[in-house]
>>> print(open('coords17.cif').read())   # mmCIF, C-alpha atoms
data_final
loop_
_atom_site.label_atom_id
_atom_site.label_comp_id
_atom_site.auth_asym_id
_atom_site.auth_seq_id
_atom_site.Cartn_x
_atom_site.Cartn_y
_atom_site.Cartn_z
CA MET A 1129 -22.59 36.46 -2.34
CA GLU A 1130 -21.82 33.82 -4.98
CA SER A 1131 -24.69 32.21 -6.87
CA PHE A 1132 -24.75 28.41 -6.48
CA SER A 1133 -26.13 25.68 -8.68
CA LEU A 1134 -26.85 22.21 -7.35
CA ILE A 1135 -23.78 20.69 -9.00
CA LEU A 1136 -21.58 23.45 -7.62
CA ALA A 1137 -22.88 22.80 -4.11
CA ILE A 1138 -22.18 19.07 -4.58
CA VAL A 1139 -18.62 19.87 -5.70
CA VAL A 1140 -17.98 22.09 -2.66
CA VAL A 1141 -19.29 19.45 -0.25
CA THR A 1142 -17.20 16.75 -1.98
CA ALA A 1143 -14.12 18.97 -1.84
CA LEU A 1144 -14.56 19.43 1.90
CA ALA A 1145 -14.98 15.65 2.24
CA PHE A 1146 -11.64 15.26 0.47
CA ASP A 1147 -10.14 17.83 2.82
CA PHE A 1148 -11.40 15.76 5.76
CA THR A 1149 -9.74 12.61 4.35
CA ASN A 1150 -6.59 14.64 3.77
CA GLY A 1151 -6.59 15.57 7.44
CA PHE A 1152 -6.80 12.06 8.89
CA HIS A 1153 -4.62 10.63 6.10
CA ASP A 1154 -1.80 13.06 6.84
CA THR A 1155 -2.01 13.34 10.64
CA ALA A 1156 0.97 10.98 10.74
CA ASN A 1157 3.13 13.55 8.99
CA ALA A 1158 3.06 15.82 12.01
CA MET A 1159 2.53 13.53 14.95
CA ALA A 1160 3.70 9.97 14.22
CA THR A 1161 7.21 10.44 15.59
CA THR A 1162 5.96 12.48 18.55
CA ILE A 1163 3.60 9.65 19.51
CA SER A 1164 6.09 6.83 18.86
CA THR A 1165 8.77 8.41 21.07
CA GLY A 1166 6.28 9.10 23.87
CA ALA A 1167 6.69 12.89 23.73
CA LEU A 1168 2.89 13.32 23.64
CA LYS A 1169 -0.10 11.11 24.31
CA PRO A 1170 -1.90 10.14 21.08
CA LYS A 1171 -5.13 12.10 21.66
CA VAL A 1172 -3.28 15.19 22.89
CA ALA A 1173 -1.02 15.04 19.83
CA VAL A 1174 -3.84 14.95 17.28
CA ALA A 1175 -5.77 17.71 19.09
CA MET A 1176 -2.73 19.97 19.01
CA SER A 1177 -2.12 19.15 15.35
CA ALA A 1178 -5.75 19.90 14.44
CA ALA A 1179 -5.66 23.35 16.05
CA LEU A 1180 -2.42 24.30 14.32
CA ASN A 1181 -3.68 22.99 10.97
CA LEU A 1182 -6.56 25.45 11.25
CA VAL A 1183 -4.21 28.34 12.05
CA GLY A 1184 -1.90 27.41 9.19
CA ALA A 1185 -4.74 27.57 6.68
CA PHE A 1186 -4.86 31.35 7.08
CA LEU A 1187 -1.15 32.05 6.58
CA SER A 1188 -0.92 31.96 2.77
CA VAL A 1189 -2.81 31.35 -0.50
CA GLU A 1190 0.14 30.72 -2.83
CA VAL A 1191 -0.40 26.97 -3.10
CA ALA A 1192 -4.15 27.50 -3.59
CA ASN A 1193 -3.37 29.78 -6.51
CA THR A 1194 -1.11 27.12 -8.04
CA ILE A 1195 -4.07 24.72 -8.07
CA SER A 1196 -6.77 27.18 -9.15
CA LYS A 1197 -4.80 29.26 -11.63
CA GLY A 1198 -1.78 27.31 -12.82
CA LEU A 1199 -2.19 23.56 -13.20
CA VAL A 1200 -5.08 23.39 -15.69
CA ASP A 1201 -6.78 25.82 -18.04
CA GLU A 1202 -9.67 27.49 -16.22
CA ASN A 1203 -11.59 28.07 -19.46
CA GLY A 1204 -13.87 25.22 -20.44
CA ILE A 1205 -13.55 23.35 -17.13
CA ARG A 1206 -17.01 22.43 -15.86
CA PRO A 1207 -17.90 21.80 -12.19
CA GLU A 1208 -18.50 18.15 -13.11
CA VAL A 1209 -14.80 17.87 -14.00
CA ILE A 1210 -13.83 19.04 -10.52
CA PHE A 1211 -16.29 16.57 -9.00
CA ALA A 1212 -14.78 13.69 -10.99
CA ALA A 1213 -11.28 14.74 -9.91
CA LEU A 1214 -12.30 14.69 -6.25
CA VAL A 1215 -13.79 11.21 -6.61
CA GLY A 1216 -10.42 9.88 -7.80
CA ALA A 1217 -8.54 11.63 -4.98
CA ILE A 1218 -10.91 10.53 -2.18
CA LEU A 1219 -10.95 6.88 -3.21
CA TRP A 1220 -7.16 6.72 -3.43
CA ASN A 1221 -6.85 8.33 0.00
CA LEU A 1222 -9.23 5.80 1.52
CA VAL A 1223 -7.61 2.76 -0.11
CA THR A 1224 -4.10 3.73 1.02
CA TRP A 1225 -5.42 4.57 4.50
CA LEU A 1226 -7.00 1.12 4.72
CA VAL A 1227 -3.65 -0.59 4.10
CA GLY A 1228 -1.75 1.91 6.25
CA LEU A 1229 0.40 3.41 3.50
CA PRO A 1230 1.33 7.12 3.82
CA SER A 1231 0.76 8.14 0.19
CA SER A 1232 0.37 11.72 -1.00
CA SER A 1233 -3.08 13.31 -0.73
CA SER A 1234 -1.72 16.20 -2.76
CA HIS A 1235 -0.73 14.02 -5.68
CA ALA A 1236 -4.02 12.14 -5.45
CA LEU A 1237 -5.86 15.45 -5.85
CA MET A 1238 -3.69 16.63 -8.71
CA GLY A 1239 -3.81 13.24 -10.41
CA GLY A 1240 -7.58 13.21 -10.25
CA LEU A 1241 -7.72 16.77 -11.59
CA ILE A 1242 -5.36 15.99 -14.47
CA GLY A 1243 -7.22 12.81 -15.44
CA ALA A 1244 -10.65 14.45 -15.35
CA THR A 1245 -9.38 17.49 -17.26
CA VAL A 1246 -7.79 15.36 -19.99
CA ALA A 1247 -10.99 13.30 -20.33
CA SER A 1248 -13.03 16.49 -20.65
CA ALA A 1249 -10.84 18.89 -22.66
CA GLY A 1250 -7.79 16.94 -23.85
CA PHE A 1251 -4.12 17.08 -22.94
CA GLY A 1252 -3.84 20.69 -24.09
CA ALA A 1253 -5.85 21.85 -21.07
CA VAL A 1254 -3.09 20.71 -18.68
CA HIS A 1255 -0.19 23.14 -18.22
CA GLY A 1256 2.75 20.80 -18.53
CA ASP A 1257 5.36 23.34 -17.41
CA VAL A 1258 3.55 23.95 -14.12
CA LEU A 1259 3.08 20.20 -13.63
CA VAL A 1260 6.81 19.57 -14.03
CA THR A 1261 8.25 22.56 -12.15
CA LYS A 1262 5.79 22.84 -9.26
CA VAL A 1263 4.60 19.24 -8.82
CA LEU A 1264 6.88 16.53 -10.26
CA LEU A 1265 10.31 18.03 -9.54
CA PRO A 1266 9.42 18.90 -5.91
CA ALA A 1267 8.03 15.37 -5.52
CA VAL A 1268 11.44 13.93 -6.35
CA ALA A 1269 13.61 16.53 -4.65
CA ALA A 1270 11.68 17.11 -1.42
CA PRO A 1271 12.15 13.72 0.28
CA VAL A 1272 15.83 13.65 -0.70
CA VAL A 1273 16.51 17.16 0.61
CA ALA A 1274 14.53 16.57 3.80
CA GLY A 1275 16.18 13.17 4.32
CA VAL A 1276 19.72 14.51 3.95
CA ALA A 1277 18.92 17.46 6.22
CA ALA A 1278 17.46 15.16 8.89
CA LEU A 1279 20.44 12.78 8.65
CA LEU A 1280 22.93 15.63 9.13
CA ALA A 1281 20.84 17.18 11.91
CA THR A 1282 20.65 13.83 13.73
CA ARG A 1283 24.40 13.27 13.53
CA PHE A 1284 25.05 16.82 14.69
CA SER A 1285 22.63 16.33 17.58
CA TYR A 1286 24.33 13.15 18.72
CA GLY A 1287 27.75 14.73 18.20
CA ILE A 1288 27.19 17.75 20.43
CA GLY A 1289 25.24 15.70 22.95
CA ARG A 1290 27.83 12.95 23.36
CA GLY A 1291 28.05 12.02 27.00
CA ALA A 1292 24.75 13.71 27.86
CA GLU A 1293 22.36 10.80 27.79
CA GLY A 1294 20.52 11.43 31.05
CA GLU A 1295 16.81 11.80 31.63
CA ALA A 1296 17.08 15.60 31.63
CA THR A 1297 18.54 15.50 28.10
CA ARG A 1298 15.77 13.24 26.88
CA LYS A 1299 13.14 15.52 28.39
CA GLY A 1300 14.72 18.50 26.65
CA TYR A 1301 14.57 16.77 23.29
CA ARG A 1302 10.98 15.72 23.91
CA ALA A 1303 10.07 19.36 24.52
CA GLY A 1304 11.88 20.34 21.33
CA GLN A 1305 10.09 17.55 19.49
CA ILE A 1306 6.70 18.85 20.64
CA ALA A 1307 7.61 22.32 19.36
CA SER A 1308 8.85 20.97 16.03
CA ALA A 1309 5.72 18.80 15.67
CA GLY A 1310 3.62 21.93 16.15
CA LEU A 1311 5.64 23.60 13.41
CA VAL A 1312 4.99 20.67 11.05
CA SER A 1313 1.25 20.89 11.82
CA LEU A 1314 1.29 24.60 11.09
CA ALA A 1315 3.15 23.96 7.84
CA HIS A 1316 0.72 21.19 6.90
CA GLY A 1317 -2.23 23.55 7.26
CA THR A 1318 -0.38 26.16 5.22
CA ASN A 1319 0.31 23.72 2.38
CA ASP A 1320 -2.35 21.00 2.32
CA ALA A 1321 -5.45 22.95 3.37
CA GLN A 1322 -4.70 25.33 0.52
CA LYS A 1323 -5.08 22.55 -2.04
CA THR A 1324 -8.74 22.20 -1.15
CA MET A 1325 -9.09 25.99 -1.19
CA GLY A 1326 -7.63 25.95 -4.69
CA ILE A 1327 -9.94 23.20 -5.94
CA ILE A 1328 -13.05 24.91 -4.52
CA THR A 1329 -11.95 28.23 -6.02
CA LEU A 1330 -11.46 26.51 -9.39
CA ALA A 1331 -14.96 25.04 -9.13
CA LEU A 1332 -16.43 28.47 -8.30
CA ILE A 1333 -14.70 29.93 -11.33
CA ALA A 1334 -15.89 27.05 -13.53
CA GLY A 1335 -19.45 27.50 -12.26
CA GLY A 1336 -19.40 31.25 -12.88
CA ALA A 1337 -19.76 32.08 -9.18
CA ILE A 1338 -16.59 34.22 -9.07
CA ALA A 1339 -14.43 35.89 -11.68
CA PRO A 1340 -11.45 34.07 -13.25
CA GLY A 1341 -8.19 34.78 -11.48
CA SER A 1342 -9.83 35.39 -8.09
CA ASN A 1343 -8.18 34.45 -4.83
CA PRO A 1344 -10.03 32.04 -2.51
CA PRO A 1345 -12.92 33.79 -0.70
CA THR A 1346 -12.73 34.00 3.08
CA TRP A 1347 -15.49 31.42 3.61
CA VAL A 1348 -13.52 28.96 1.45
CA ILE A 1349 -10.38 29.45 3.57
CA LEU A 1350 -12.34 28.99 6.81
CA SER A 1351 -14.28 25.91 5.69
CA ALA A 1352 -11.18 24.23 4.27
CA GLY A 1353 -9.25 24.91 7.47
CA LEU A 1354 -12.04 23.50 9.64
CA ALA A 1355 -12.45 20.37 7.48
CA ILE A 1356 -8.76 19.46 7.55
CA ALA A 1357 -8.58 20.20 11.29
CA LEU A 1358 -11.53 17.89 11.99
CA GLY A 1359 -9.99 15.13 9.90
CA THR A 1360 -6.70 15.58 11.74
CA TYR A 1361 -8.42 15.28 15.11
CA ILE A 1362 -10.10 12.03 14.07
CA GLY A 1363 -6.58 10.67 13.59
CA GLY A 1364 -5.34 8.39 10.81
CA TRP A 1365 -4.10 5.82 13.30
CA ARG A 1366 -3.20 3.18 10.71
CA ILE A 1367 -0.79 5.50 8.94
CA ILE A 1368 0.53 6.89 12.23
CA ARG A 1369 1.48 3.31 13.16
CA THR A 1370 3.35 2.79 9.88
CA MET A 1371 5.16 6.13 10.01
CA GLY A 1372 5.93 6.01 13.72
CA THR A 1373 7.04 2.39 14.24
CA GLY A 1374 6.91 0.58 10.91
CA LEU A 1375 9.57 2.61 9.07
CA THR A 1376 12.29 2.98 11.69
CA ASP A 1377 12.81 3.28 15.45
CA LEU A 1378 13.37 6.83 16.67
CA GLU A 1379 14.62 8.42 19.87
CA PRO A 1380 13.40 11.90 20.88
CA ARG A 1381 16.43 13.69 19.42
CA GLN A 1382 15.93 11.88 16.11
CA GLY A 1383 12.26 12.84 16.10
CA PHE A 1384 13.22 16.43 16.77
CA ALA A 1385 15.70 16.44 13.87
CA ALA A 1386 13.21 14.79 11.49
CA GLN A 1387 10.34 17.15 12.26
CA THR A 1388 12.42 20.32 12.21
CA SER A 1389 13.86 19.39 8.80
CA ALA A 1390 10.41 18.55 7.44
CA ALA A 1391 8.79 21.74 8.73
CA THR A 1392 11.53 23.88 7.19
CA ALA A 1393 11.10 22.23 3.78
CA ILE A 1394 7.28 22.47 3.83
CA LEU A 1395 7.15 26.12 4.91
CA ALA A 1396 9.73 27.09 2.27
CA SER A 1397 7.75 25.30 -0.46
CA SER A 1398 4.49 26.94 0.65
CA HIS A 1399 6.12 30.36 0.37
CA LEU A 1400 7.26 29.52 -3.18
CA GLY A 1401 3.87 28.13 -4.20
CA PHE A 1402 5.08 24.56 -4.67
CA SER A 1403 2.27 22.03 -4.23
CA LEU A 1404 4.52 19.82 -2.15
CA SER A 1405 3.59 16.46 -0.71
CA THR A 1406 4.01 16.70 3.05
CA THR A 1407 3.96 12.89 3.12
CA HIS A 1408 7.03 12.69 0.90
CA VAL A 1409 8.86 15.29 2.96
CA VAL A 1410 8.14 13.75 6.35
CA SER A 1411 8.84 10.20 5.15
CA GLY A 1412 12.20 11.30 3.77
CA SER A 1413 13.09 13.10 6.99
CA VAL A 1414 12.11 10.10 9.14
CA MET A 1415 14.31 7.79 7.07
CA GLY A 1416 17.17 10.29 7.21
CA ALA A 1417 16.86 10.55 10.98
CA GLY A 1418 16.76 6.77 11.26
CA LEU A 1419 20.03 6.44 9.36
CA GLY A 1420 21.62 9.40 11.15
CA ARG A 1421 21.97 7.59 14.49
CA LYS A 1422 24.83 5.16 14.87
CA GLY A 1423 23.29 1.73 14.57
CA GLY A 1424 20.00 3.17 13.33
CA VAL A 1425 18.24 1.25 10.59
CA VAL A 1426 15.37 1.69 8.15
CA ARG A 1427 12.91 -1.10 7.36
CA TRP A 1428 13.39 -1.02 3.63
CA SER A 1429 10.48 -3.34 2.86
CA THR A 1430 8.10 -0.75 4.32
CA ALA A 1431 9.95 2.06 2.54
CA THR A 1432 9.66 0.16 -0.76
CA ARG A 1433 5.89 -0.27 -0.37
CA MET A 1434 5.60 3.44 0.34
CA ALA A 1435 7.65 4.30 -2.76
CA VAL A 1436 5.45 2.10 -4.93
CA ALA A 1437 2.36 3.88 -3.57
CA TRP A 1438 3.98 7.25 -4.33
CA VAL A 1439 4.65 6.27 -7.94
CA LEU A 1440 1.13 4.91 -8.43
CA THR A 1441 -0.71 7.84 -6.82
CA LEU A 1442 -0.82 10.27 -9.75
CA PRO A 1443 -1.73 7.74 -12.50
CA ALA A 1444 -4.17 5.77 -10.32
CA ALA A 1445 -6.10 8.86 -9.23
CA ALA A 1446 -5.96 10.18 -12.81
CA LEU A 1447 -7.51 6.99 -14.19
CA VAL A 1448 -10.34 7.06 -11.64
CA GLY A 1449 -10.86 10.77 -12.27
CA ALA A 1450 -10.96 10.24 -16.04
CA GLY A 1451 -13.42 7.35 -15.68
CA ALA A 1452 -15.66 9.38 -13.37
CA GLU A 1453 -15.60 12.31 -15.79
CA SER A 1454 -16.62 10.04 -18.66
CA VAL A 1455 -19.69 8.99 -16.69
CA THR A 1456 -20.62 12.49 -15.47
CA ASP A 1457 -20.40 13.66 -19.09
CA LEU A 1458 -23.52 11.60 -19.80
CA GLY A 1459 -25.69 14.07 -17.90
CA ASP A 1460 -27.25 14.54 -14.48
CA TRP A 1461 -27.97 10.84 -14.10
CA GLY A 1462 -24.29 10.10 -14.79
CA THR A 1463 -23.28 12.50 -12.00
CA ALA A 1464 -25.75 10.76 -9.68
CA VAL A 1465 -24.25 7.36 -10.55
CA VAL A 1466 -20.73 8.60 -9.73
CA ALA A 1467 -21.95 10.09 -6.44
CA VAL A 1468 -23.61 6.80 -5.43
CA PHE A 1469 -20.44 4.91 -6.42
CA LEU A 1470 -18.31 7.22 -4.26
CA VAL A 1471 -20.55 6.86 -1.21
CA GLY A 1472 -20.86 3.10 -1.62
CA SER A 1473 -17.14 2.56 -2.10
CA SER A 1474 -16.32 4.74 0.90
CA ALA A 1475 -18.76 2.80 3.07
CA ALA A 1476 -17.29 -0.52 1.91
CA ILE A 1477 -13.74 0.61 2.73
CA TRP A 1478 -14.86 1.77 6.17
CA LYS A 1479 -16.53 -1.57 6.84
CA LEU A 1480 -13.36 -3.42 5.84
CA SER A 1481 -11.33 -1.26 8.21
CA ARG A 1482 -13.48 -2.43 11.15
CA ARG A 1483 -12.10 -5.97 10.83
CA GLU A 1484 -8.90 -4.78 12.49
CA VAL A 1485 -9.44 -1.59 14.45
CA VAL A 1486 -6.43 0.67 14.96
CA ASP A 1487 -6.93 3.63 17.28
CA HIS A 1488 -5.14 5.66 19.94
CA THR A 1489 -5.14 2.69 22.33
CA ASN A 1490 -3.03 0.38 20.13
CA VAL A 1491 -1.27 2.69 17.68
CA VAL A 1492 2.13 2.12 19.35
CA VAL A 1493 1.84 -1.13 21.30
CA GLY A 1494 1.97 -4.05 18.89
CA GLY A 1495 2.95 -1.71 16.07
CA ASP A 1496 3.80 -2.69 12.56
CA VAL A 1497 7.29 -3.94 13.41
CA GLU A 1498 8.74 -6.27 10.82
CA PRO A 1499 11.42 -8.92 11.31
CA ALA A 1500 14.95 -7.82 10.58
CA GLY A 1501 16.04 -8.26 6.99
CA VAL A 1502 19.51 -8.74 5.50
CA VAL A 1503 20.36 -5.01 5.40
CA THR A 1504 19.08 -4.39 8.93
CA THR A 1505 21.04 -7.34 10.31
CA ALA A 1506 24.26 -6.31 8.59
CA ILE A 1507 24.11 -2.69 9.77
CA ALA A 1508 23.20 -3.65 13.32
CA ALA A 1509 26.09 -6.11 13.46
CA VAL A 1510 28.68 -3.63 12.18
CA THR A 1511 27.60 -0.52 14.10
CA PRO A 1512 25.83 -1.44 17.33
CA PRO A 1513 23.63 1.32 18.78
CA PRO A 1514 24.56 3.21 21.92
CA ALA A 1515 24.04 1.56 25.26
CA GLY A 1516 20.52 1.75 26.59
CA VAL A 1517 18.87 1.81 23.16
CA VAL A 1518 16.38 -0.94 22.44
CA THR A 1519 17.13 -2.61 19.13
CA GLU A 1520 15.36 -5.11 16.95
CA ASP A 1521 15.28 -8.74 17.98
CA LEU A 1522 17.80 -10.49 15.78
CA THR A 1523 17.38 -13.95 17.27
CA ALA A 1524 15.29 -14.95 14.28
CA THR A 1525 18.14 -14.26 11.89
CA ILE A 1526 21.26 -15.21 13.93
CA PRO A 1527 21.50 -18.93 14.75
CA ALA A 1528 22.08 -19.83 18.38
CA PRO A 1529 25.48 -21.40 19.20
CA ALA A 1530 25.54 -25.18 19.37
CA THR A 1531 25.41 -26.60 22.85
CA THR A 1532 26.75 -29.91 24.17
CA ASP A 1533 24.25 -32.30 25.63
CA PRO A 1534 24.92 -32.82 29.36
CA ALA A 1535 26.15 -36.23 30.49
CA PRO A 1536 23.32 -38.51 31.49
CA ALA A 1537 22.67 -38.57 35.20
CA THR A 1538 23.79 -41.67 37.14
CA PRO A 1539 20.74 -43.62 38.17
CA PRO A 1540 20.28 -43.93 41.92
CA ALA A 1541 21.36 -47.17 43.54
CA ALA A 1542 18.63 -49.67 44.13
CA THR A 1543 17.51 -50.06 47.70
CA VAL A 1544 16.70 -53.31 49.33
#
>>> encode(input="coords17.cif", output="structure tokens")
Amino acid sequence: MESFSLILAIVVVTALAFDFTNGFHDTANAMATTISTGALKPKVAVAMSAALNLVGAFLSVEVANTISKGLVDENGIRPEVIFAALVGAILWNLVTWLVGLPSSSSHALMGGLIGATVASAGFGAVHGDVLVTKVLLPAVAAPVVAGVAALLATRFSYGIGRGAEGEATRKGYRAGQIASAGLVSLAHGTNDAQKTMGIITLALIAGGAIAPGSNPPTWVILSAGLAIALGTYIGGWRIIRTMGTGLTDLEPRQGFAAQTSAATAILASSHLGFSLSTTHVVSGSVMGAGLGRKGGVVRWSTATRMAVAWVLTLPAAALVGAGAESVTDLGDWGTAVVAVFLVGSSAAIWKLSRREVVDHTNVVVGGDVEPAGVVTTAIAAVTPPPAGVVTEDLTATIPAPATTDPAPATPPAATV
């Protein structure tokens, strides 16, 4: 059994707290389209996703090894550095959850780790080749690959199903969408739960509890899987709303194409040890599926806000992680100050979120639907969607035809 110090126990608990935020932050990746198309009820969807996240955590440790063995130099990294990194990642997750933006929990964790490591041991302690090949390049390529795959899959689906638009067809695609959503949940557990396993393993190595180069112990795998599953069951309803109805409007066959493409990309990256952002993959596949249907549109204002959040994630979490490490470096009282700051900030964000509650009862109805912009209007006008598909209300952007005032009525004759 590993020997634990107080700081090491604090790091493990904080890492599991991050894993919990990762779960509810990324629930949308697996279940947003399934909920928005009506394939599953919201609570059933998150329960199914939570169970499969737990199963997925046991399928591989390749991504965990990328975090614990490859990204930063294990030698000279103190448990306080890991704690500071987790502070940066948790706060970024909570801020983006509050505003409903599906940013990358993975990049928040790695940004926090890089910032805290640089503040503690300098830039030389970060393995730049691993950062580029297994983090940055997949971050750029994954949403593009998944988006193109989903676009082609959607067009193929509509092509072979032309003329088969009945209720039986829609039920078939809903069943396929449920299966593909389960696959995404499984893939999410395989990829994202491992990141917490990796960070806990790195902390155990830094604290001298296990030997350098060790794989995650079984208790680490189990606890990380349970934490992310619990977070998933809680449901990140704000981000589910953005991903499910704020980015584009999907039919069941589009949701099926998007989720199948995303699951394939995530599982392949987990096998290769790429610390991929499931948020980037699923967002790319949803946009690709939205554009793959004739007349389908993407709300580019929402997509732009998401892209800005993606770009800011690594540096923002790194800055917070570096600042937290600078304070923890002052001693035990510095670590206590950072811990109090983390708890207080988390409580403040939660209190702010209560001003407008989003849960399973209103995640779809009254969703984050924006008025049609110039691009949306132009595409909808040129390529109208198939009959029976509900489209955006364009009355706000297309002026009504002028009407002629009716002739004034002849007043009734006066009676004597």
>>> closest_residue(input="coords17.cif", among="A:Asn1150, A:Pro1340, A:Lys1422, A:Val1254", to="Gln1322 in chain A", atoms="only C-alpha atoms")
A:Asn1150
>>> atom_distance(input="coords17.cif", atom1="CA of Val1409 in chain A", atom2="CA of Leu1354 in chain A")
23.4 Å
>>> closest_residue(input="coords17.cif", among="A:Met1176, A:Thr1441, A:Glu1379, A:Ala1431", to="Lys1299 in chain A", atoms="all atoms listed in the file")
A:Glu1379
>>> resolve_selection(input="coords17.cif", expression="the PyMOL selection byres ((chain A and resi 1180) around 10)", output="list in words")
Val1174, Ala1175, Met1176, Ser1177, Ala1178, Ala1179, Asn1181, Leu1182, Val1183, Gly1184, Ala1185, Ala1309, Gly1310, Leu1311, Val1312, Ser1313, Leu1314, Ala1315, His1316, Gly1317, Thr1318, Gly1353 and Ala1357 of chain A
>>> write_last_selection(input="coords17.cif", atoms="C-alpha atoms", output="PDB file, keeping the file's coordinate frame")
ATOM      1  CA  VAL A1174      -3.840  14.950  17.280  1.00  0.00           C
ATOM      2  CA  ALA A1175      -5.770  17.710  19.090  1.00  0.00           C
ATOM      3  CA  MET A1176      -2.730  19.970  19.010  1.00  0.00           C
ATOM      4  CA  SER A1177      -2.120  19.150  15.350  1.00  0.00           C
ATOM      5  CA  ALA A1178      -5.750  19.900  14.440  1.00  0.00           C
ATOM      6  CA  ALA A1179      -5.660  23.350  16.050  1.00  0.00           C
ATOM      7  CA  ASN A1181      -3.680  22.990  10.970  1.00  0.00           C
ATOM      8  CA  LEU A1182      -6.560  25.450  11.250  1.00  0.00           C
ATOM      9  CA  VAL A1183      -4.210  28.340  12.050  1.00  0.00           C
ATOM     10  CA  GLY A1184      -1.900  27.410   9.190  1.00  0.00           C
ATOM     11  CA  ALA A1185      -4.740  27.570   6.680  1.00  0.00           C
ATOM     12  CA  ALA A1309       5.720  18.800  15.670  1.00  0.00           C
ATOM     13  CA  GLY A1310       3.620  21.930  16.150  1.00  0.00           C
ATOM     14  CA  LEU A1311       5.640  23.600  13.410  1.00  0.00           C
ATOM     15  CA  VAL A1312       4.990  20.670  11.050  1.00  0.00           C
ATOM     16  CA  SER A1313       1.250  20.890  11.820  1.00  0.00           C
ATOM     17  CA  LEU A1314       1.290  24.600  11.090  1.00  0.00           C
ATOM     18  CA  ALA A1315       3.150  23.960   7.840  1.00  0.00           C
ATOM     19  CA  HIS A1316       0.720  21.190   6.900  1.00  0.00           C
ATOM     20  CA  GLY A1317      -2.230  23.550   7.260  1.00  0.00           C
ATOM     21  CA  THR A1318      -0.380  26.160   5.220  1.00  0.00           C
ATOM     22  CA  GLY A1353      -9.250  24.910   7.470  1.00  0.00           C
ATOM     23  CA  ALA A1357      -8.580  20.200  11.290  1.00  0.00           C
TER      24      ALA A1357
END
>>> closest_atom_pairs(input="coords17.cif", of="range 1244-1334 of chain A", to="range 1168-1172 of chain A", cutoff="10 Å", atoms="only C-alpha atoms", output="tab-separated table")
residue	atom	partner	partner_atom	distance
A:Arg1302	CA	A:Leu1168	CA	8.4
A:Ala1303	CA	A:Leu1168	CA	9.4
A:Gln1305	CA	A:Leu1168	CA	9.3
A:Ile1306	CA	A:Leu1168	CA	7.4
>>> resolve_selection(input="coords17.cif", expression="the PyMOL selection byres ((chain A and resi 1214) around 8)", output="JSON, numbers by chain")
{"A": [1142, 1143, 1146, 1210, 1211, 1212, 1213, 1215, 1216, 1217, 1218, 1237, 1240, 1241, 1449]}
>>> resolve_selection(input="coords17.cif", expression="the PyMOL selection byres ((chain A and resi 1331) around 9)", output="list of chain:residue names")
A:Leu1136, A:Val1139, A:Val1140, A:Ser1196, A:Ile1205, A:Arg1206, A:Pro1207, A:Glu1208, A:Val1209, A:Ile1210, A:Phe1211, A:Gly1326, A:Ile1327, A:Ile1328, A:Thr1329, A:Leu1330, A:Leu1332, A:Ile1333, A:Ala1334, A:Gly1335, A:Gly1336, A:Ala1337
>>> atom_distance(input="coords17.cif", atom1="CA of Ala1321 in chain A", atom2="CA of Ala1355 in chain A")
8.5 Å
>>> closest_residue(input="coords17.cif", among="A:Val1486, A:Ala1417, A:Ile1368, A:Ile1138", to="Val1466 in chain A", atoms="all atoms listed in the file")
A:Ile1138
>>> atom_distance(input="coords17.cif", atom1="CA of Val1141 in chain A", atom2="CA of Thr1406 in chain A")
23.7 Å
>>> residues_around(input="coords17.cif", residues="range 1255-1270 of chain A", least_positions_apart="4", cutoff="12 Å", atoms="only C-alpha atoms", output="number ranges by chain")
A: 1190-1191, 1193-1202, 1231-1232, 1234-1239, 1241-1242, 1245-1246, 1250-1251, 1274-1278, 1389-1398, 1400-1413, 1435, 1438-1439, 1441-1442
>>> residues_around(input="coords17.cif", residues="Trp1225 in chain A", least_positions_apart="6", cutoff="12 Å", atoms="all atoms listed in the file", output="ChimeraX atom specification")
/A:1149-1156,1218-1219,1231-1233,1363-1370,1434,1437,1474,1477-1478,1480-1481,1486
>>> closest_residue(input="coords17.cif", among="A:Thr1376, A:Ser1351, A:Ser1188, A:Gln1382", to="Leu1280 in chain A", atoms="all atoms listed in the file")
A:Gln1382
>>> closest_residue(input="coords17.cif", among="A:Ala1160, A:Ala1247, A:Leu1279, A:Val1189", to="Thr1456 in chain A", atoms="all atoms listed in the file")
A:Ala1247
